[in-house]
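What follows is the content of entry.cif, which has mmCIF, C-alpha atoms:
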```cif
data_coords
loop_
_atom_site.label_atom_id
_atom_site.label_comp_id
_atom_site.auth_asym_id
_atom_site.auth_seq_id
_atom_site.Cartn_x
_atom_site.Cartn_y
_atom_site.Cartn_z
CA MET A 1 0.00 0.00 0.00
CA PRO A 2 1.50 3.39 -1.01
CA ILE A 3 2.56 5.82 1.69
CA SER A 4 -0.14 8.45 2.19
CA ILE A 5 0.17 12.19 2.68
CA ASP A 6 -1.70 11.85 5.96
CA SER A 7 0.89 9.42 7.30
CA ILE A 8 3.68 11.86 6.38
CA LYS A 9 1.83 14.78 7.98
CA LYS A 10 1.28 12.75 11.15
CA LEU A 11 4.98 11.98 11.45
CA ALA A 12 5.95 15.57 10.60
CA ASN A 13 3.66 16.83 13.35
CA ALA A 14 5.13 14.33 15.82
CA TYR A 15 8.74 15.19 15.02
CA ALA A 16 8.30 18.96 14.59
CA PRO A 17 8.97 19.87 18.26
CA GLU A 18 12.25 17.95 18.25
CA THR A 19 13.18 19.49 14.90
CA VAL A 20 12.64 22.96 16.38
CA GLN A 21 14.96 22.10 19.25
CA VAL A 22 17.58 20.79 16.81
CA ARG A 23 17.34 24.03 14.86
CA ARG A 24 17.73 26.08 18.03
CA HIS A 25 20.78 24.10 19.13
CA ILE A 26 22.44 24.64 15.75
CA HIS A 27 21.44 28.32 15.73
CA ALA A 28 22.96 28.87 19.17
CA ASN A 29 26.22 27.16 18.16
CA PRO A 30 27.05 28.51 14.68
CA GLU A 31 30.32 27.79 12.90
CA LEU A 32 31.87 29.54 9.92
CA SER A 33 32.42 28.00 6.49
CA PHE A 34 34.67 24.92 6.52
CA GLU A 35 34.89 25.10 10.31
CA GLU A 36 31.67 23.16 11.02
CA HIS A 37 33.37 20.52 13.20
CA ASN A 38 30.88 20.55 16.10
CA THR A 39 27.89 20.87 13.78
CA ALA A 40 29.02 17.86 11.75
CA ALA A 41 29.55 15.83 14.92
CA TYR A 42 26.06 16.83 16.11
CA VAL A 43 24.54 15.73 12.80
CA GLU A 44 26.38 12.40 13.02
CA GLN A 45 25.15 11.92 16.58
CA LEU A 46 21.51 12.46 15.62
CA LEU A 47 21.75 10.25 12.54
CA ALA A 48 23.17 7.49 14.72
CA GLN A 49 20.23 7.89 17.10
CA TYR A 50 17.91 7.45 14.11
CA GLY A 51 19.77 4.29 13.10
CA ILE A 52 21.38 5.88 10.03
CA GLU A 53 25.06 5.28 9.30
CA ALA A 54 27.03 8.29 8.12
CA GLN A 55 30.45 9.08 6.73
CA ARG A 56 32.58 12.22 6.55
CA MET A 57 33.48 13.92 3.30
CA ALA A 58 35.27 17.21 2.65
CA ASN A 59 36.45 17.21 6.27
CA THR A 60 33.30 18.71 7.80
CA GLY A 61 30.68 17.29 5.43
CA VAL A 62 28.40 14.40 6.40
CA VAL A 63 26.82 11.97 3.94
CA ALA A 64 24.40 9.16 4.78
CA LEU A 65 22.03 6.72 3.07
CA ILE A 66 18.50 5.66 3.91
CA LYS A 67 17.84 2.40 2.09
CA GLY A 68 14.30 1.36 1.35
CA ARG A 69 13.22 -1.88 -0.28
CA ASN A 70 15.10 -2.66 -3.49
CA PRO A 71 17.63 0.13 -2.68
CA GLU A 72 19.36 -0.04 -6.06
CA LYS A 73 16.19 0.82 -7.97
CA LYS A 74 16.67 4.60 -7.76
CA THR A 75 18.50 7.16 -5.63
CA VAL A 76 17.36 10.67 -4.75
CA ALA A 77 19.64 13.10 -2.86
CA LEU A 78 18.57 15.70 -0.29
CA ARG A 79 21.00 18.51 0.50
CA ALA A 80 21.45 20.78 3.52
CA ASP A 81 24.19 23.33 4.18
CA MET A 82 25.63 23.79 7.67
CA ASP A 83 27.80 26.93 7.76
CA ALA A 84 27.02 30.29 9.35
CA LEU A 85 28.03 33.88 8.57
CA PRO A 86 30.43 36.39 10.22
CA ILE A 87 27.59 38.54 11.59
CA VAL A 88 26.89 39.73 15.16
CA GLU A 89 23.37 38.57 16.04
CA ALA A 90 20.99 41.29 17.24
CA ASN A 91 18.07 39.02 18.15
CA GLU A 92 17.27 38.66 21.85
CA VAL A 93 16.03 35.07 21.87
CA ALA A 94 16.74 32.04 24.05
CA TYR A 95 18.68 30.44 21.20
CA LYS A 96 20.80 33.50 20.36
CA SER A 97 24.27 32.73 19.03
CA LYS A 98 26.79 31.85 21.73
CA ASN A 99 29.68 32.48 19.33
CA GLU A 100 30.24 36.23 19.19
CA GLY A 101 30.44 37.51 15.64
CA VAL A 102 29.06 34.30 14.09
CA MET A 103 25.38 33.85 13.23
CA HIS A 104 23.05 31.60 11.28
CA ALA A 105 21.71 34.54 9.30
CA CYS A 106 20.92 32.60 6.12
CA GLY A 107 18.80 29.78 7.53
CA HIS A 108 21.34 26.98 7.25
CA ASP A 109 20.32 25.93 10.76
CA VAL A 110 16.81 25.45 9.37
CA HIS A 111 18.11 23.55 6.34
CA THR A 112 20.15 21.14 8.46
CA ALA A 113 17.40 20.60 11.02
CA SER A 114 14.87 20.07 8.21
CA VAL A 115 16.88 17.37 6.47
CA LEU A 116 17.46 15.68 9.84
CA GLY A 117 13.71 15.74 10.51
CA THR A 118 13.04 14.46 7.01
CA ALA A 119 15.61 11.70 7.55
CA ARG A 120 13.81 10.58 10.69
CA ILE A 121 10.50 10.35 8.84
CA LEU A 122 11.99 8.42 5.90
CA GLN A 123 13.99 6.12 8.15
CA GLU A 124 10.79 5.13 9.93
CA LEU A 125 9.07 4.46 6.59
CA ARG A 126 12.01 2.74 4.83
CA SER A 127 10.25 -0.63 4.64
CA GLU A 128 7.38 1.02 2.77
CA PHE A 129 9.20 2.59 -0.20
CA GLU A 130 11.64 1.44 -2.86
CA GLY A 131 14.97 3.07 -3.56
CA THR A 132 17.59 5.02 -1.63
CA VAL A 133 17.65 8.54 -0.21
CA LYS A 134 21.12 10.08 0.02
CA LEU A 135 21.51 12.77 2.67
CA ILE A 136 24.15 15.44 2.02
CA PHE A 137 25.05 17.82 4.85
CA GLN A 138 27.61 20.07 3.24
CA PRO A 139 30.09 22.62 4.55
CA GLY A 140 31.01 26.02 3.20
CA GLU A 141 28.11 27.19 1.07
CA GLU A 142 28.89 30.82 1.93
CA LYS A 143 32.55 30.80 0.91
CA PHE A 144 34.38 30.15 -2.35
CA PRO A 145 35.04 27.60 -3.75
CA GLY A 146 31.83 26.31 -2.14
CA GLY A 147 31.47 23.05 -0.26
CA ALA A 148 29.36 21.58 -3.05
CA SER A 149 32.24 21.78 -5.52
CA ILE A 150 34.57 20.01 -3.07
CA LEU A 151 32.05 17.28 -2.31
CA ILE A 152 31.47 16.67 -6.01
CA LYS A 153 35.22 16.32 -6.59
CA GLU A 154 35.35 13.82 -3.72
CA GLY A 155 32.57 11.74 -5.33
CA VAL A 156 29.42 12.67 -3.41
CA LEU A 157 27.38 12.16 -6.60
CA GLN A 158 28.63 8.59 -6.94
CA ASN A 159 28.20 5.30 -5.05
CA PRO A 160 25.27 5.48 -5.40
CA ALA A 161 24.73 8.14 -8.06
CA PRO A 162 21.48 10.07 -7.45
CA GLU A 163 19.13 10.44 -10.38
CA SER A 164 17.96 13.74 -8.93
CA ILE A 165 18.81 16.09 -6.07
CA ILE A 166 16.54 18.32 -3.99
CA GLY A 167 17.45 21.47 -2.08
CA GLN A 168 15.23 23.56 0.20
CA HIS A 169 16.08 27.14 1.25
CA VAL A 170 14.37 29.57 3.61
CA PHE A 171 12.59 32.51 2.00
CA PRO A 172 11.68 35.40 4.35
CA LEU A 173 9.58 37.12 1.67
CA LEU A 174 7.09 34.25 1.76
CA PRO A 175 4.77 33.50 4.72
CA ALA A 176 5.34 30.29 6.67
CA GLY A 177 3.17 27.53 5.28
CA LYS A 178 3.87 28.46 1.68
CA VAL A 179 6.60 27.35 -0.73
CA GLY A 180 7.85 28.61 -4.10
CA PHE A 181 9.17 26.97 -7.26
CA LYS A 182 10.85 28.13 -10.48
CA SER A 183 11.56 25.77 -13.37
CA GLY A 184 14.64 26.35 -15.53
CA MET A 185 17.00 29.26 -14.81
CA TYR A 186 16.57 30.46 -11.26
CA MET A 187 19.73 31.89 -9.65
CA ALA A 188 22.79 33.62 -11.08
CA SER A 189 26.43 32.68 -11.32
CA ALA A 190 28.67 34.77 -9.05
CA ASP A 191 32.23 35.88 -9.80
CA GLU A 192 34.42 38.17 -7.71
CA ILE A 193 36.32 40.99 -9.40
CA TYR A 194 39.46 42.55 -7.91
CA ILE A 195 41.07 45.49 -9.73
CA THR A 196 44.10 47.50 -8.64
CA VAL A 197 44.30 50.73 -10.62
CA LYS A 198 47.89 52.03 -10.62
CA GLY A 199 49.04 55.59 -11.18
CA LYS A 200 51.60 57.97 -9.71
CA GLY A 201 50.68 59.63 -6.44
CA GLY A 202 51.69 62.99 -5.09
CA HIS A 203 50.43 66.34 -3.89
CA ALA A 204 46.82 66.99 -4.86
CA ALA A 205 47.72 70.61 -5.70
CA LEU A 206 50.13 69.45 -8.40
CA PRO A 207 47.96 67.29 -10.69
CA GLU A 208 50.30 67.73 -13.67
CA MET A 209 52.98 65.81 -11.80
CA ASN A 210 50.71 62.88 -10.95
CA VAL A 211 48.83 60.11 -12.71
CA ASP A 212 45.62 60.14 -10.70
CA PRO A 213 44.33 56.58 -10.08
CA VAL A 214 41.23 57.98 -8.34
CA LEU A 215 40.12 59.77 -11.51
CA ILE A 216 40.98 56.72 -13.61
CA SER A 217 38.91 54.55 -11.25
CA ALA A 218 35.96 56.91 -11.51
CA HIS A 219 36.00 56.66 -15.31
CA LEU A 220 36.49 52.90 -15.11
CA LEU A 221 33.53 52.32 -12.80
CA VAL A 222 31.26 54.16 -15.22
CA ALA A 223 32.74 52.66 -18.38
CA LEU A 224 32.46 49.07 -17.13
CA GLN A 225 28.68 49.40 -17.00
CA GLN A 226 28.61 49.31 -20.81
CA ILE A 227 29.50 45.61 -20.48
CA VAL A 228 25.96 45.15 -19.19
CA SER A 229 24.12 47.88 -21.12
CA ARG A 230 25.73 47.42 -24.53
CA HIS A 231 27.27 43.94 -24.70
CA ALA A 232 24.91 41.69 -22.74
CA SER A 233 21.80 40.48 -24.51
CA PRO A 234 18.68 41.93 -22.89
CA LYS A 235 17.43 38.32 -22.83
CA VAL A 236 20.19 37.25 -20.44
CA PRO A 237 20.02 38.59 -16.87
CA THR A 238 23.34 40.29 -16.06
CA VAL A 239 24.57 42.36 -13.13
CA LEU A 240 27.94 44.08 -12.61
CA SER A 241 28.31 45.85 -9.26
CA PHE A 242 31.24 47.27 -7.31
CA GLY A 243 30.80 47.46 -3.57
CA LYS A 244 34.27 48.45 -2.43
CA VAL A 245 36.55 51.30 -3.51
CA GLU A 246 39.70 51.87 -1.50
CA ALA A 247 41.89 54.90 -2.18
CA LYS A 248 44.26 55.58 0.70
CA GLY A 249 44.92 59.20 -0.05
CA ALA A 250 43.76 62.36 1.70
CA THR A 251 42.21 65.72 0.87
CA ASN A 252 45.58 66.87 -0.42
CA VAL A 253 47.19 63.52 -1.30
CA ILE A 254 46.75 61.55 -4.52
CA PRO A 255 47.49 57.85 -3.77
CA ASN A 256 49.60 55.60 -5.97
CA GLU A 257 46.80 53.09 -6.44
CA VAL A 258 43.11 52.43 -5.93
CA LYS A 259 41.57 49.04 -5.21
CA LEU A 260 38.15 48.10 -6.58
CA GLU A 261 36.14 45.01 -5.62
CA GLY A 262 32.94 43.88 -7.24
CA THR A 263 30.78 41.04 -8.47
CA PHE A 264 29.66 39.87 -11.90
CA ARG A 265 26.51 37.75 -12.16
CA THR A 266 24.63 36.23 -15.06
CA MET A 267 22.70 33.15 -16.19
CA ASN A 268 24.57 32.06 -19.29
CA GLU A 269 27.92 30.29 -19.03
CA ALA A 270 29.16 31.20 -22.53
CA TRP A 271 28.34 34.89 -22.01
CA ARG A 272 29.89 34.71 -18.56
CA ARG A 273 33.28 33.75 -19.98
CA GLU A 274 33.02 36.28 -22.80
CA ALA A 275 32.15 39.04 -20.34
CA HIS A 276 35.24 38.28 -18.25
CA GLN A 277 37.43 38.95 -21.26
CA LYS A 278 35.59 42.16 -22.11
CA ILE A 279 35.93 43.42 -18.54
CA LYS A 280 39.67 42.74 -18.54
CA LYS A 281 40.25 44.30 -21.96
CA LEU A 282 38.24 47.44 -21.18
CA ALA A 283 39.92 47.92 -17.80
CA GLU A 284 43.43 47.53 -19.14
CA SER A 285 42.92 49.73 -22.20
CA LEU A 286 41.12 52.51 -20.33
CA CYS A 287 43.75 52.67 -17.60
CA GLU A 288 46.53 52.75 -20.20
CA SER A 289 44.77 55.48 -22.19
CA MET A 290 44.77 57.68 -19.08
CA GLY A 291 48.43 57.09 -18.33
CA GLY A 292 48.04 54.38 -15.73
CA SER A 293 47.75 50.62 -15.62
CA CYS A 294 45.86 47.98 -13.70
CA ASP A 295 46.03 44.49 -12.33
CA ILE A 296 42.76 42.61 -12.63
CA ASP A 297 41.79 39.28 -11.12
CA ILE A 298 38.38 37.72 -11.75
CA LYS A 299 37.73 34.76 -9.47
CA PHE A 300 35.47 32.23 -11.14
CA GLY A 301 32.71 31.51 -8.63
CA TYR A 302 29.50 29.52 -8.49
CA PRO A 303 27.75 28.66 -11.77
CA PHE A 304 24.15 29.66 -12.42
CA LEU A 305 21.46 27.49 -10.88
CA GLN A 306 19.06 25.72 -13.20
CA ASN A 307 16.09 23.67 -12.03
CA ASP A 308 15.37 20.62 -14.14
CA PRO A 309 11.85 20.96 -15.63
CA GLU A 310 10.77 17.37 -14.95
CA VAL A 311 12.20 17.11 -11.45
CA THR A 312 10.68 20.50 -10.62
CA ARG A 313 7.33 19.44 -12.10
CA ILE A 314 7.23 16.38 -9.86
CA ALA A 315 8.32 18.37 -6.80
CA ARG A 316 5.80 21.13 -7.43
CA ALA A 317 2.96 18.66 -7.95
CA ALA A 318 3.97 16.98 -4.70
CA ALA A 319 3.90 20.35 -2.92
CA GLU A 320 0.45 21.20 -4.29
CA ALA A 321 -0.87 17.83 -3.14
CA TYR A 322 0.75 18.20 0.30
CA LEU A 323 0.02 21.88 1.02
CA GLY A 324 -2.75 22.78 -1.40
CA ALA A 325 -2.24 24.66 -4.68
CA GLU A 326 -3.02 27.98 -2.96
CA ASN A 327 0.14 27.59 -0.85
CA VAL A 328 2.49 26.98 -3.79
CA VAL A 329 3.70 30.09 -5.64
CA ASP A 330 5.76 30.91 -8.71
CA LEU A 331 9.20 32.38 -8.06
CA ASP A 332 10.86 35.04 -10.20
CA LEU A 333 14.49 35.00 -11.33
CA TRP A 334 16.86 35.68 -8.43
CA MET A 335 20.26 37.29 -8.97
CA GLY A 336 21.59 35.90 -5.73
CA ALA A 337 23.93 32.91 -5.97
CA GLU A 338 24.03 29.46 -4.37
CA ASP A 339 26.62 26.73 -4.53
CA PHE A 340 23.76 24.22 -4.93
CA ALA A 341 24.17 25.35 -8.55
CA TYR A 342 27.16 22.98 -8.84
CA TYR A 343 24.82 20.03 -8.27
CA THR A 344 22.35 21.35 -10.83
CA GLN A 345 25.09 21.38 -13.48
CA GLN A 346 25.72 17.66 -12.81
CA VAL A 347 22.37 16.09 -11.87
CA PRO A 348 18.71 16.92 -12.59
CA ALA A 349 17.75 19.10 -9.64
CA CYS A 350 15.09 21.16 -7.92
CA PHE A 351 15.94 24.00 -5.55
CA TYR A 352 12.79 25.43 -3.98
CA ARG A 353 11.95 28.01 -1.32
CA LEU A 354 10.37 27.48 2.10
CA GLY A 355 8.34 30.39 3.43
CA THR A 356 9.50 31.53 6.90
CA ARG A 357 7.83 34.95 7.33
CA ASN A 358 5.39 35.90 10.10
CA GLU A 359 4.49 39.59 10.04
CA LYS A 360 2.32 39.37 13.16
CA ARG A 361 5.35 38.28 15.17
CA GLY A 362 7.70 40.72 13.44
CA ILE A 363 9.66 37.98 11.71
CA THR A 364 10.33 39.85 8.48
CA SER A 365 14.10 40.49 8.28
CA GLY A 366 15.98 39.39 5.20
CA VAL A 367 18.79 36.87 5.13
CA HIS A 368 22.34 38.04 5.91
CA THR A 369 21.06 40.60 8.44
CA PRO A 370 21.67 40.67 12.23
CA THR A 371 17.92 40.38 12.94
CA PHE A 372 17.14 37.44 10.64
CA ASP A 373 14.96 34.78 12.21
CA VAL A 374 12.28 32.35 11.06
CA GLU A 375 8.76 31.38 11.99
CA GLU A 376 9.55 27.94 13.41
CA ALA A 377 6.18 26.52 12.37
CA ALA A 378 7.81 26.39 8.93
CA LEU A 379 9.93 23.47 10.14
CA GLU A 380 6.95 21.15 10.29
CA THR A 381 6.12 22.15 6.73
CA GLY A 382 9.75 21.72 5.72
CA ILE A 383 10.30 18.20 7.04
CA GLY A 384 6.97 16.81 5.89
CA LEU A 385 7.10 18.35 2.44
CA MET A 386 10.70 17.30 1.79
CA ALA A 387 9.88 13.73 2.81
CA TRP A 388 6.85 13.70 0.49
CA VAL A 389 8.83 15.25 -2.38
CA ALA A 390 11.60 12.67 -1.95
CA LEU A 391 9.08 9.82 -2.10
CA GLN A 392 7.42 11.25 -5.22
CA GLU A 393 10.81 11.65 -6.91
CA LEU A 394 11.63 8.01 -6.09
CA GLU A 395 8.32 6.92 -7.60
CA GLY A 396 8.66 9.28 -10.57
#
```

Write-out of the structure in structure tokens:
Amino acid sequence: MPISIDSIKKLANAYAPETVQVRRHIHANPELSFEEHNTAAYVEQLLAQYGIEAQRMANTGVVALIKGRNPEKKTVALRADMDALPIVEANEVAYKSKNEGVMHACGHDVHTASVLGTARILQELRSEFEGTVKLIFQPGEEKFPGGASILIKEGVLQNPAPESIIGQHVFPLLPAGKVGFKSGMYMASADEIYITVKGKGGHAALPEMNVDPVLISAHLLVALQQIVSRHASPKVPTVLSFGKVEAKGATNVIPNEVKLEGTFRTMNEAWRREAHQKIKKLAESLCESMGGSCDIDIKFGYPFLQNDPEVTRIARAAAEAYLGAENVVDLDLWMGAEDFAYYTQQVPACFYRLGTRNEKRGITSGVHTPTFDVEEAALETGIGLMAWVALQELEG
């Protein structure tokens, strides 16, 4: 007899209080990217309690298998990220971060707790479904090169190889109880740009004796925007932004150099590589034309995230059946980046959003802010829905 939605909801309701406590423990004990030693040990401890064997990968990553009947029939992977951010938490809650300057401000505590809760549900039901569910608790989503890329190199998508992979991420713009999906292109690639504009410093009152890197940088910042406005196809989302300009001069001192730091984001890999070359060529030629020079380093970051149409169709249909169609919304393109994108370039994938907002309780802050928090009722939705999605993907 097939597993019913009601049976999943019953288990989700039963395990939700414990899942909330797991989330609070992780939230109170955050660890930075690639330093998730205690978090990984905690995940291993809970999996062992659930009767699930786990192994370490990428130093602080944890991977485990839940084997149903006929485990070789099909494998579906579920991914959670475990790292926190270098942010001082401003929330006054019982589970406030105990590690000063480190905070789960992007919901990775929710992601990890959710997959653990989902694992407990699926482990209890393993005699009632066919196939294998691979659990991936990864380190370092917030920091290049991204824990996903390291895990993939170490073989996380092998032995057994999943036929699809599912990721769930908090979404503070969406009320708790709702989820969002986007088929196809969803999130952007993300590259870091570092430019050092070089000139000849000196007294600001003697401009004819200097090569002013501040003026060159001003022209360069404006000129680089033509990469987006005149070279990128309007059909391809593209963003070029500079968030840091460092010129260590003074009111009467022209510095020798200016440092610029920015990000380039898009959703087309061929254009991405072409744009890198155009950025470098324009920067070098403009600086030379004004009497200076530059060093430019573009660090190749996460690829763009693409949701497989069929996997997303199955997941969305599962969500509509589980939550009701009125609680499933369409997502727009998002120029943020996620290292889950590495998985989507290798395996058919679905990365969807879990609503965590509660305006009545003032839980409205965005991710990466000191006041970010979630409506914890979303955890019951998260563990039940992910379990149901995993089962539908196995059947599909």

Once you count all atoms listed in the file, which residues end up no further than 9 Å from (20.8, 26.7, 7.5) in the file's frame, shown as a tab-separated table (two decimals) with C-alpha atoms, in the coordinates of the input?
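Saved result, out08.tsv, follows:
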```tsv
chain	number	residue	atom	x	y	z
A	23	ARG	CA	17.34	24.03	14.86
A	26	ILE	CA	22.44	24.64	15.75
A	27	HIS	CA	21.44	28.32	15.73
A	80	ALA	CA	21.45	20.78	3.52
A	81	ASP	CA	24.19	23.33	4.18
A	82	MET	CA	25.63	23.79	7.67
A	83	ASP	CA	27.80	26.93	7.76
A	84	ALA	CA	27.02	30.29	9.35
A	104	HIS	CA	23.05	31.60	11.28
A	105	ALA	CA	21.71	34.54	9.30
A	106	CYS	CA	20.92	32.60	6.12
A	107	GLY	CA	18.80	29.78	7.53
A	108	HIS	CA	21.34	26.98	7.25
A	109	ASP	CA	20.32	25.93	10.76
A	110	VAL	CA	16.81	25.45	9.37
A	111	HIS	CA	18.11	23.55	6.34
A	112	THR	CA	20.15	21.14	8.46
A	113	ALA	CA	17.40	20.60	11.02
A	114	SER	CA	14.87	20.07	8.21
A	169	HIS	CA	16.08	27.14	1.25
A	170	VAL	CA	14.37	29.57	3.61
```

Handout entry: Nearest residue to A:Gly362 from the set A:Arg230, A:Glu375, A:Cys350, A:Cys294 (distances using all atoms listed in the file)
Key =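 Closest residue, counting all atoms listed in the file: A:Glu375.
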
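Residues matched by the PyMOL selection byres ((chain A and resi 12) around 9) in this structure: Ser7, Ile8, Lys9, Lys10, Leu11, Asn13, Ala14, Tyr15, Ala16, Gly117, Thr118, Ile121, Leu379, Glu380, Thr381, Gly382, Ile383, Gly384, Leu385 and Ala387 of chain A.
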
Practice task
Skip A:Leu260 itself and residues of its chain fewer than 5 positions away, then list as a VMD selection string all residues within 12 Å of it, counting only C-alpha atoms.
Solution key: chain A and resid 192 to 198 213 to 214 216 to 218 220 to 221 241 to 247 283 294 to 298

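For the choices A:Gly291, A:Lys143, A:Val88, A:Ala223, the atom-to-atom distance to A:Glu208 is smallest for A:Gly291 when using all atoms listed in the file.
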